[in-house]
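Chemist: Dumping the structure here so I can ask a few things about it.
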2 protein chains.
Amino acid sequence: MADPQREEGSVLDIKFDSDGLVPAIVQDHQSGEILMMGWMNEAALKQTIETKKATFYSRSRQKMWVKGESSGHIQEVVEARTDCDQDVVVLKCISHGPCCHVGYKSCFYRRITDPTTLETVESKVFDPNDVYK
Amino acid sequence: MADPQREEGSVLDIKFDSDGLVPAIVQDHQSGEILMMGWMNEAALKQTIETKKATFYSRSRQKMWVKGESSGHIQEVVEARTDCDQDVVVLKCISHGPCCHVGYKSCFYRRITDPTTLETVESKVFDPNDVYK
(Lines give C-alpha, C1' and ligand atoms only; values in the text may rest on other atoms or scores of the structure.)
Protein backbone atom coordinates (compact mmCIF):
# COMPACT_ATOMS: atom_id res chain seq x y z
CA MET A 1 0.00 0.00 0.00
CA ALA A 2 1.22 3.49 -0.81
CA ASP A 3 2.17 5.57 2.20
CA PRO A 4 2.56 9.19 1.03
CA GLN A 5 4.33 10.42 4.16
CA ARG A 6 6.89 7.61 4.03
CA GLU A 7 7.35 7.94 0.28
CA GLU A 8 7.32 11.69 -0.15
CA GLY A 9 7.96 13.16 3.29
CA SER A 10 11.09 14.65 4.79
CA VAL A 11 11.17 12.57 7.98
CA LEU A 12 13.78 9.79 8.10
CA ASP A 13 11.87 6.77 9.34
CA ILE A 14 13.81 3.71 8.20
CA LYS A 15 11.85 0.45 8.12
CA PHE A 16 14.25 -1.94 9.83
CA ASP A 17 13.53 -5.63 9.30
CA SER A 18 12.47 -8.09 12.01
CA ASP A 19 16.13 -8.35 13.09
CA GLY A 20 16.37 -4.56 13.36
CA LEU A 21 18.53 -4.27 10.24
CA VAL A 22 18.47 -2.43 6.91
CA PRO A 23 20.58 -3.22 3.82
CA ALA A 24 23.13 -0.52 2.94
CA ILE A 25 24.69 -0.39 -0.53
CA VAL A 26 28.12 1.22 -0.87
CA GLN A 27 28.68 2.95 -4.21
CA ASP A 28 31.79 4.73 -5.48
CA HIS A 29 30.85 8.40 -5.48
CA GLN A 30 32.64 9.18 -8.73
CA SER A 31 32.47 6.05 -10.90
CA GLY A 32 29.09 4.79 -9.67
CA GLU A 33 30.56 1.30 -9.21
CA ILE A 34 28.73 -0.74 -6.57
CA LEU A 35 31.37 -1.83 -4.08
CA MET A 36 29.55 -3.87 -1.43
CA MET A 37 26.31 -4.32 0.48
CA GLY A 38 26.25 -4.55 4.26
CA TRP A 39 23.65 -4.42 7.00
CA MET A 40 23.05 -1.63 9.51
CA ASN A 41 21.16 -1.45 12.74
CA GLU A 42 19.84 1.91 13.91
CA ALA A 43 23.05 2.73 15.82
CA ALA A 44 25.26 1.91 12.81
CA LEU A 45 23.16 4.14 10.57
CA LYS A 46 23.33 7.02 13.06
CA GLN A 47 27.08 6.58 13.48
CA THR A 48 27.57 6.46 9.69
CA ILE A 49 25.70 9.72 9.20
CA GLU A 50 27.46 11.46 12.08
CA THR A 51 31.03 10.26 11.42
CA LYS A 52 30.77 9.95 7.61
CA LYS A 53 32.54 6.58 7.86
CA ALA A 54 30.50 3.61 6.59
CA THR A 55 29.61 1.55 9.66
CA PHE A 56 27.71 -1.73 9.64
CA TYR A 57 26.30 -4.39 11.92
CA SER A 58 27.80 -7.84 11.50
CA ARG A 59 25.11 -10.51 11.61
CA SER A 60 27.68 -13.27 12.23
CA ARG A 61 29.68 -11.45 14.90
CA GLN A 62 26.62 -9.63 16.25
CA LYS A 63 28.36 -6.30 16.68
CA MET A 64 28.91 -3.02 14.93
CA TRP A 65 32.01 -2.57 12.80
CA VAL A 66 33.53 0.34 10.93
CA LYS A 67 34.47 -0.60 7.36
CA GLY A 68 38.27 -0.37 7.19
CA GLU A 69 38.91 -0.75 10.93
CA SER A 70 41.25 -3.71 10.17
CA SER A 71 42.44 -2.88 6.65
CA GLY A 72 42.53 0.90 6.83
CA HIS A 73 40.31 0.87 3.72
CA ILE A 74 37.60 3.14 5.05
CA GLN A 75 34.61 4.26 2.98
CA GLU A 76 34.09 8.00 3.44
CA VAL A 77 30.44 8.89 2.98
CA VAL A 78 29.81 11.84 0.68
CA GLU A 79 26.04 11.34 0.56
CA ALA A 80 23.54 8.88 2.01
CA ARG A 81 20.18 8.22 0.42
CA THR A 82 17.16 6.06 1.13
CA ASP A 83 14.48 4.70 -1.18
CA CYS A 84 10.76 5.25 -1.59
CA ASP A 85 9.68 2.92 1.21
CA GLN A 86 12.73 3.66 3.35
CA ASP A 87 13.91 0.07 3.67
CA VAL A 88 17.24 0.38 1.82
CA VAL A 89 20.15 2.83 2.22
CA VAL A 90 22.69 3.87 -0.44
CA LEU A 91 26.03 5.36 0.62
CA LYS A 92 27.92 7.30 -2.04
CA CYS A 93 31.51 7.05 -0.87
CA ILE A 94 35.10 7.99 -1.47
CA SER A 95 37.00 4.70 -1.17
CA HIS A 96 40.20 4.90 0.85
CA GLY A 97 41.44 1.61 -0.55
CA PRO A 98 39.75 -1.42 -2.10
CA CYS A 99 36.48 -2.59 -0.63
CA CYS A 100 36.47 -6.40 -0.79
CA HIS A 101 38.34 -8.55 1.72
CA VAL A 102 39.08 -11.11 -1.04
CA GLY A 103 41.39 -8.59 -2.75
CA TYR A 104 39.16 -6.86 -5.28
CA LYS A 105 38.08 -3.21 -5.45
CA SER A 106 34.42 -4.28 -5.44
CA CYS A 107 32.80 -7.39 -3.95
CA PHE A 108 30.96 -7.85 -7.26
CA TYR A 109 33.87 -9.30 -9.26
CA ARG A 110 31.99 -12.25 -10.74
CA ARG A 111 29.26 -12.23 -13.32
CA ILE A 112 26.53 -14.84 -13.49
CA THR A 113 26.86 -16.49 -16.89
CA ASP A 114 23.96 -18.93 -16.56
CA PRO A 115 21.81 -20.26 -13.68
CA THR A 116 24.69 -22.40 -12.37
CA THR A 117 27.93 -20.66 -13.34
CA LEU A 118 30.07 -17.65 -12.39
CA GLU A 119 32.92 -15.99 -14.24
CA THR A 120 35.49 -13.73 -12.57
CA VAL A 121 35.64 -10.52 -14.60
CA GLU A 122 37.79 -8.26 -12.40
CA SER A 123 41.41 -8.43 -11.25
CA LYS A 124 42.66 -8.39 -7.67
CA VAL A 125 44.25 -5.15 -6.57
CA PHE A 126 45.82 -6.38 -3.31
CA ASP A 127 46.83 -9.55 -1.52
CA PRO A 128 44.59 -10.07 1.52
CA ASN A 129 47.47 -11.79 3.33
CA ASP A 130 49.37 -8.51 3.29
CA VAL A 131 46.47 -6.51 4.69
CA TYR A 132 44.66 -8.74 7.19
CA LYS A 133 47.26 -10.04 9.67
CA MET B 1 35.00 -17.59 8.07
CA ALA B 2 36.51 -17.46 4.61
CA ASP B 3 35.14 -20.03 2.19
CA PRO B 4 37.48 -20.14 -0.83
CA GLN B 5 35.12 -22.12 -3.05
CA ARG B 6 32.21 -19.74 -2.40
CA GLU B 7 34.41 -16.65 -2.72
CA GLU B 8 36.61 -17.60 -5.63
CA GLY B 9 34.89 -20.49 -7.39
CA SER B 10 32.85 -20.57 -10.56
CA VAL B 11 29.76 -22.31 -9.16
CA LEU B 12 26.72 -20.13 -8.58
CA ASP B 13 25.53 -21.07 -5.09
CA ILE B 14 23.49 -18.13 -3.81
CA LYS B 15 23.04 -17.97 -0.04
CA PHE B 16 19.33 -17.27 0.27
CA ASP B 17 18.20 -15.98 3.66
CA SER B 18 15.89 -17.82 6.08
CA ASP B 19 12.91 -16.71 3.97
CA GLY B 20 14.54 -18.09 0.82
CA LEU B 21 15.31 -14.60 -0.54
CA VAL B 22 18.34 -12.65 -1.74
CA PRO B 23 18.56 -8.86 -2.24
CA ALA B 24 18.96 -7.76 -5.86
CA ILE B 25 20.20 -4.27 -6.72
CA VAL B 26 19.18 -2.78 -10.07
CA GLN B 27 21.78 -0.46 -11.57
CA ASP B 28 21.60 1.54 -14.79
CA HIS B 29 24.06 -0.18 -17.11
CA GLN B 30 25.36 3.04 -18.63
CA SER B 31 25.20 5.72 -15.92
CA GLY B 32 25.83 3.44 -12.94
CA GLU B 33 22.86 5.01 -11.11
CA ILE B 34 21.29 2.68 -8.54
CA LEU B 35 17.61 2.44 -9.46
CA MET B 36 16.04 0.10 -6.89
CA MET B 37 16.60 -2.91 -4.69
CA GLY B 38 14.21 -5.84 -4.68
CA TRP B 39 14.16 -9.39 -3.37
CA MET B 40 14.41 -12.60 -5.34
CA ASN B 41 13.65 -16.19 -4.53
CA GLU B 42 15.46 -18.92 -6.43
CA ALA B 43 12.78 -19.05 -9.16
CA ALA B 44 12.87 -15.28 -9.69
CA LEU B 45 16.66 -15.34 -10.02
CA LYS B 46 16.52 -18.18 -12.54
CA GLN B 47 13.77 -16.45 -14.52
CA THR B 48 15.75 -13.17 -14.50
CA ILE B 49 18.84 -14.85 -15.90
CA GLU B 50 16.91 -16.80 -18.50
CA THR B 51 14.56 -14.05 -19.71
CA LYS B 52 16.89 -11.06 -19.07
CA LYS B 53 13.93 -9.22 -17.53
CA ALA B 54 14.41 -8.25 -13.86
CA THR B 55 12.01 -10.44 -11.87
CA PHE B 56 11.47 -10.28 -8.12
CA TYR B 57 9.55 -11.90 -5.29
CA SER B 58 7.14 -9.63 -3.46
CA ARG B 59 7.30 -10.21 0.27
CA SER B 60 3.98 -8.45 0.84
CA ARG B 61 2.07 -10.15 -1.99
CA GLN B 62 4.04 -13.40 -1.64
CA LYS B 63 4.42 -13.95 -5.34
CA MET B 64 6.86 -13.39 -8.17
CA TRP B 65 6.53 -10.29 -10.28
CA VAL B 66 8.25 -9.02 -13.40
CA LYS B 67 9.39 -5.41 -13.01
CA GLY B 68 7.33 -3.40 -15.51
CA GLU B 69 4.48 -5.88 -15.82
CA SER B 70 2.00 -3.08 -14.89
CA SER B 71 3.86 0.03 -16.05
CA GLY B 72 5.66 -1.36 -19.09
CA HIS B 73 8.87 -0.03 -17.54
CA ILE B 74 10.84 -3.25 -17.72
CA GLN B 75 14.47 -3.53 -16.67
CA GLU B 76 16.42 -5.42 -19.33
CA VAL B 77 19.37 -7.22 -17.76
CA VAL B 78 22.67 -6.73 -19.56
CA GLU B 79 24.76 -8.41 -16.87
CA ALA B 80 24.11 -10.01 -13.48
CA ARG B 81 26.75 -10.25 -10.78
CA THR B 82 27.03 -11.63 -7.29
CA ASP B 83 29.35 -10.74 -4.44
CA CYS B 84 32.13 -12.52 -2.57
CA ASP B 85 29.87 -14.49 -0.25
CA GLN B 86 27.09 -14.85 -2.83
CA ASP B 87 24.35 -13.29 -0.73
CA VAL B 88 23.64 -10.21 -2.91
CA VAL B 89 22.91 -9.87 -6.64
CA VAL B 90 23.54 -6.81 -8.86
CA LEU B 91 21.65 -6.44 -12.13
CA LYS B 92 23.14 -4.03 -14.67
CA CYS B 93 20.14 -3.03 -16.74
CA ILE B 94 18.82 -1.03 -19.64
CA SER B 95 15.81 0.83 -18.23
CA HIS B 96 12.76 0.80 -20.46
CA GLY B 97 11.19 3.68 -18.56
CA PRO B 98 11.59 5.06 -15.03
CA CYS B 99 12.04 2.59 -12.20
CA CYS B 100 10.21 4.01 -9.18
CA HIS B 101 6.44 3.73 -8.79
CA VAL B 102 6.37 7.15 -7.06
CA GLY B 103 7.33 8.82 -10.36
CA TYR B 104 11.11 9.09 -10.21
CA LYS B 105 13.73 7.44 -12.40
CA SER B 106 15.36 5.90 -9.31
CA CYS B 107 13.83 4.96 -5.96
CA PHE B 108 16.72 6.77 -4.26
CA TYR B 109 15.45 10.33 -4.80
CA ARG B 110 15.98 11.54 -1.23
CA ARG B 111 19.22 12.15 0.59
CA ILE B 112 19.61 11.77 4.33
CA THR B 113 20.65 15.18 5.63
CA ASP B 114 20.94 14.26 9.32
CA PRO B 115 19.78 11.35 11.49
CA THR B 116 16.15 12.52 11.35
CA THR B 117 15.70 14.35 8.04
CA LEU B 118 15.37 13.69 4.32
CA GLU B 119 15.64 16.04 1.37
CA THR B 120 14.24 15.27 -2.09
CA VAL B 121 17.05 15.85 -4.59
CA GLU B 122 15.57 14.46 -7.82
CA SER B 123 12.60 15.48 -9.97
CA LYS B 124 9.68 13.29 -10.98
CA VAL B 125 9.72 12.13 -14.57
CA PHE B 126 6.16 10.81 -14.77
CA ASP B 127 2.82 10.99 -13.01
CA PRO B 128 2.03 7.61 -11.41
CA ASN B 129 -1.69 8.27 -11.93
CA ASP B 130 -1.11 8.16 -15.68
CA VAL B 131 0.80 4.87 -15.55
CA TYR B 132 -0.80 2.74 -12.83
CA LYS B 133 -4.52 2.54 -13.56
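By order of appearance in the C-alpha coordinates: chains A, B, ..., then residues from 1 within every chain, and ligands from 1 in the order shown.
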Using DSSP assignments from the backbone, pull out every residue in chain A that falls under alpha helix (DSSP H) and give it to me as number ranges by chain.
Modeler: A: 4-8, 42-51, 128-131
Chemist: Give me, as a list of chain:residue names, the residues of chain B touching chain A, with the criterion being at most 7 Å (counting only C-alpha atoms).
Modeler: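 Therefore, the residues near the partner are B:Ser10, B:Val11, B:Leu12, B:Gly32, B:Glu33, B:Lys46, B:Ile49, B:Glu79, B:Ala80, B:Arg81, B:Thr82, B:Asp83, B:Cys84, B:Cys107, B:Phe108, B:Tyr109, B:Arg110, B:Arg111, B:Ile112, B:Asp114, B:Pro115, B:Thr116, B:Thr117, B:Leu118, B:Glu119.
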Chemist: May I have the residues within 8 Å of Tyr132 in chain A as a list in words, using only C-alpha atoms and disregarding those fewer than 4 positions away in the same chain?
Modeler: Ser70, Ser71 and Pro128 of chain A
Chemist: With all heavy atoms retained, write the just-selected residues as a PDB file, in the first residue's frame.
Modeler:
```
ATOM      1  N   SER A  70      40.088  -2.816  10.227  1.00  0.00           N
ATOM      2  CA  SER A  70      41.251  -3.715  10.168  1.00  0.00           C
ATOM      3  C   SER A  70      42.189  -3.329   9.033  1.00  0.00           C
ATOM      4  O   SER A  70      43.397  -3.280   9.198  1.00  0.00           O
ATOM      5  CB  SER A  70      40.806  -5.165   9.933  1.00  0.00           C
ATOM      6  OG  SER A  70      39.889  -5.576  10.891  1.00  0.00           O
ATOM      7  N   SER A  71      41.630  -3.064   7.855  1.00  0.00           N
ATOM      8  CA  SER A  71      42.439  -2.883   6.649  1.00  0.00           C
ATOM      9  C   SER A  71      42.906  -1.452   6.449  1.00  0.00           C
ATOM     10  O   SER A  71      43.838  -1.199   5.688  1.00  0.00           O
ATOM     11  CB  SER A  71      41.614  -3.290   5.427  1.00  0.00           C
ATOM     12  OG  SER A  71      40.480  -2.439   5.309  1.00  0.00           O
ATOM     13  N   PRO A 128      45.166 -10.144   0.185  1.00  0.00           N
ATOM     14  CA  PRO A 128      44.589 -10.067   1.524  1.00  0.00           C
ATOM     15  C   PRO A 128      45.575 -10.474   2.626  1.00  0.00           C
ATOM     16  O   PRO A 128      45.501  -9.965   3.745  1.00  0.00           O
ATOM     17  CB  PRO A 128      43.407 -11.045   1.467  1.00  0.00           C
ATOM     18  CG  PRO A 128      43.059 -11.143   0.020  1.00  0.00           C
ATOM     19  CD  PRO A 128      44.358 -10.974  -0.730  1.00  0.00           C
TER      20      PRO A 128
END
```
Chemist: For Val78 in chain B, find every residue with an atom within 9 Å (counting only C-alpha atoms), except residues of its own chain fewer than 5 positions away, and show them as a PyMOL selection string.
Modeler: chain B and resi 29+52+91-94
Chemist: Near Met40 in chain B, within 8 Å and counting only C-alpha atoms, which residues show up once chain neighbours fewer than 6 positions away are dropped, as number ranges by chain?
Modeler: B: 21-24, 55-57
Chemist: Store the residues picked out above, limited to all heavy atoms, as an mmCIF file, in the first residue's frame.
Modeler:
```cif
data_model
loop_
_atom_site.group_PDB
_atom_site.id
_atom_site.type_symbol
_atom_site.label_atom_id
_atom_site.label_comp_id
_atom_site.auth_asym_id
_atom_site.auth_seq_id
_atom_site.Cartn_x
_atom_site.Cartn_y
_atom_site.Cartn_z
ATOM 1 N N LEU B 21 15.196 -15.793 0.320
ATOM 2 C CA LEU B 21 15.309 -14.604 -0.538
ATOM 3 C C LEU B 21 16.732 -14.049 -0.547
ATOM 4 O O LEU B 21 17.498 -14.264 0.404
ATOM 5 C CB LEU B 21 14.341 -13.517 -0.055
ATOM 6 C CG LEU B 21 12.869 -13.918 -0.028
ATOM 7 C CD1 LEU B 21 12.031 -12.792 0.580
ATOM 8 C CD2 LEU B 21 12.356 -14.266 -1.421
ATOM 9 N N VAL B 22 17.059 -13.335 -1.618
ATOM 10 C CA VAL B 22 18.343 -12.646 -1.738
ATOM 11 C C VAL B 22 18.057 -11.233 -2.246
ATOM 12 O O VAL B 22 17.185 -11.045 -3.100
ATOM 13 C CB VAL B 22 19.288 -13.425 -2.701
ATOM 14 C CG1 VAL B 22 18.753 -13.477 -4.123
ATOM 15 C CG2 VAL B 22 20.703 -12.875 -2.679
ATOM 16 N N PRO B 23 18.752 -10.217 -1.718
ATOM 17 C CA PRO B 23 18.558 -8.862 -2.239
ATOM 18 C C PRO B 23 19.172 -8.708 -3.622
ATOM 19 O O PRO B 23 20.256 -9.242 -3.881
ATOM 20 C CB PRO B 23 19.284 -7.953 -1.228
ATOM 21 C CG PRO B 23 19.994 -8.830 -0.275
ATOM 22 C CD PRO B 23 19.708 -10.252 -0.605
ATOM 23 N N ALA B 24 18.480 -7.983 -4.497
ATOM 24 C CA ALA B 24 18.959 -7.758 -5.863
ATOM 25 C C ALA B 24 18.892 -6.266 -6.160
ATOM 26 O O ALA B 24 17.822 -5.656 -6.106
ATOM 27 C CB ALA B 24 18.111 -8.536 -6.871
ATOM 28 N N THR B 55 13.179 -9.785 -12.455
ATOM 29 C CA THR B 55 12.007 -10.436 -11.870
ATOM 30 C C THR B 55 12.270 -10.625 -10.383
ATOM 31 O O THR B 55 13.351 -11.059 -9.993
ATOM 32 C CB THR B 55 11.774 -11.793 -12.559
ATOM 33 O OG1 THR B 55 11.639 -11.565 -13.974
ATOM 34 C CG2 THR B 55 10.541 -12.490 -12.027
ATOM 35 N N PHE B 56 11.282 -10.283 -9.568
ATOM 36 C CA PHE B 56 11.472 -10.279 -8.121
ATOM 37 C C PHE B 56 10.418 -11.140 -7.430
ATOM 38 O O PHE B 56 9.500 -11.659 -8.068
ATOM 39 C CB PHE B 56 11.402 -8.835 -7.600
ATOM 40 C CG PHE B 56 12.427 -7.945 -8.233
ATOM 41 C CD1 PHE B 56 12.105 -7.158 -9.328
ATOM 42 C CD2 PHE B 56 13.720 -7.915 -7.755
ATOM 43 C CE1 PHE B 56 13.062 -6.359 -9.939
ATOM 44 C CE2 PHE B 56 14.691 -7.130 -8.359
ATOM 45 C CZ PHE B 56 14.346 -6.346 -9.454
ATOM 46 N N TYR B 57 10.575 -11.242 -6.112
ATOM 47 C CA TYR B 57 9.555 -11.902 -5.293
ATOM 48 C C TYR B 57 9.028 -10.859 -4.320
ATOM 49 O O TYR B 57 9.796 -10.266 -3.556
ATOM 50 C CB TYR B 57 10.148 -13.084 -4.530
ATOM 51 C CG TYR B 57 9.111 -13.824 -3.721
ATOM 52 C CD1 TYR B 57 8.322 -14.800 -4.310
ATOM 53 C CD2 TYR B 57 8.896 -13.521 -2.379
ATOM 54 C CE1 TYR B 57 7.355 -15.464 -3.596
ATOM 55 C CE2 TYR B 57 7.915 -14.185 -1.648
ATOM 56 C CZ TYR B 57 7.152 -15.156 -2.255
ATOM 57 O OH TYR B 57 6.180 -15.811 -1.545
#
```
Chemist: If you measure from CA of Asp19 in chain B to CA of Val77 in chain B, what distance in Å do you get, rounded to one decimal?
Modeler: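 These atoms are spaced 24.6 Å apart.
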Chemist: Mind checking DSSP for range 76-129 of chain A and telling me the strand (DSSP E or B) residues as a PyMOL selection string?
Modeler: chain A and resi 76-82+89-95+110-114+117-120
Chemist: May I have the selected residues written with N, CA and C atoms, as a CSV table (one decimal), in the first residue's frame?
Modeler:
```
chain,number,residue,atom,x,y,z
A,76,GLU,N,34.5,6.7,3.0
A,76,GLU,CA,34.1,8.0,3.4
A,76,GLU,C,32.8,8.4,2.7
A,77,VAL,N,31.8,8.7,3.5
A,77,VAL,CA,30.4,8.9,3.0
A,77,VAL,C,30.3,10.3,2.5
A,78,VAL,N,30.1,10.5,1.2
A,78,VAL,CA,29.8,11.8,0.7
A,78,VAL,C,28.3,12.2,0.8
A,79,GLU,N,27.5,11.1,0.5
A,79,GLU,CA,26.0,11.3,0.6
A,79,GLU,C,25.4,10.0,0.9
A,80,ALA,N,24.4,10.1,1.7
A,80,ALA,CA,23.5,8.9,2.0
A,80,ALA,C,22.1,9.1,1.5
A,81,ARG,N,21.6,8.1,0.9
A,81,ARG,CA,20.2,8.2,0.4
A,81,ARG,C,19.3,7.0,0.9
A,82,THR,N,18.0,7.2,0.9
A,82,THR,CA,17.2,6.1,1.1
A,82,THR,C,16.1,6.0,0.0
A,89,VAL,N,19.3,1.6,2.2
A,89,VAL,CA,20.1,2.8,2.2
A,89,VAL,C,21.2,2.7,1.1
A,90,VAL,N,21.5,3.8,0.5
A,90,VAL,CA,22.7,3.9,-0.4
A,90,VAL,C,23.7,4.9,0.1
A,91,LEU,N,25.0,4.5,0.2
A,91,LEU,CA,26.0,5.4,0.6
A,91,LEU,C,26.9,5.6,-0.6
A,92,LYS,N,27.0,6.9,-1.0
A,92,LYS,CA,27.9,7.3,-2.0
A,92,LYS,C,29.2,7.7,-1.3
A,93,CYS,N,30.3,7.0,-1.7
A,93,CYS,CA,31.5,7.1,-0.9
A,93,CYS,C,32.8,7.4,-1.7
A,94,ILE,N,33.7,8.0,-1.0
A,94,ILE,CA,35.1,8.0,-1.5
A,94,ILE,C,35.8,6.8,-0.8
A,95,SER,N,36.3,5.9,-1.7
A,95,SER,CA,37.0,4.7,-1.2
A,95,SER,C,38.4,5.0,-0.8
A,110,ARG,N,32.4,-11.1,-9.9
A,110,ARG,CA,32.0,-12.2,-10.7
A,110,ARG,C,30.6,-12.0,-11.4
A,111,ARG,N,30.5,-12.3,-12.7
A,111,ARG,CA,29.3,-12.2,-13.3
A,111,ARG,C,28.6,-13.6,-13.4
A,112,ILE,N,27.3,-13.6,-13.4
A,112,ILE,CA,26.5,-14.8,-13.5
A,112,ILE,C,26.3,-15.1,-15.0
A,113,THR,N,26.9,-16.2,-15.4
A,113,THR,CA,26.9,-16.5,-16.9
A,113,THR,C,25.6,-17.3,-17.3
A,114,ASP,N,25.2,-18.2,-16.4
A,114,ASP,CA,24.0,-18.9,-16.6
A,114,ASP,C,23.5,-19.3,-15.2
A,117,THR,N,26.5,-20.9,-13.1
A,117,THR,CA,27.9,-20.7,-13.3
A,117,THR,C,28.3,-19.2,-13.1
A,118,LEU,N,29.5,-19.0,-12.6
A,118,LEU,CA,30.1,-17.7,-12.4
A,118,LEU,C,31.4,-17.5,-13.2
A,119,GLU,N,31.7,-16.3,-13.6
A,119,GLU,CA,32.9,-16.0,-14.2
A,119,GLU,C,33.5,-14.8,-13.6
A,120,THR,N,34.8,-14.9,-13.2
A,120,THR,CA,35.5,-13.7,-12.6
A,120,THR,C,35.9,-12.8,-13.7
```
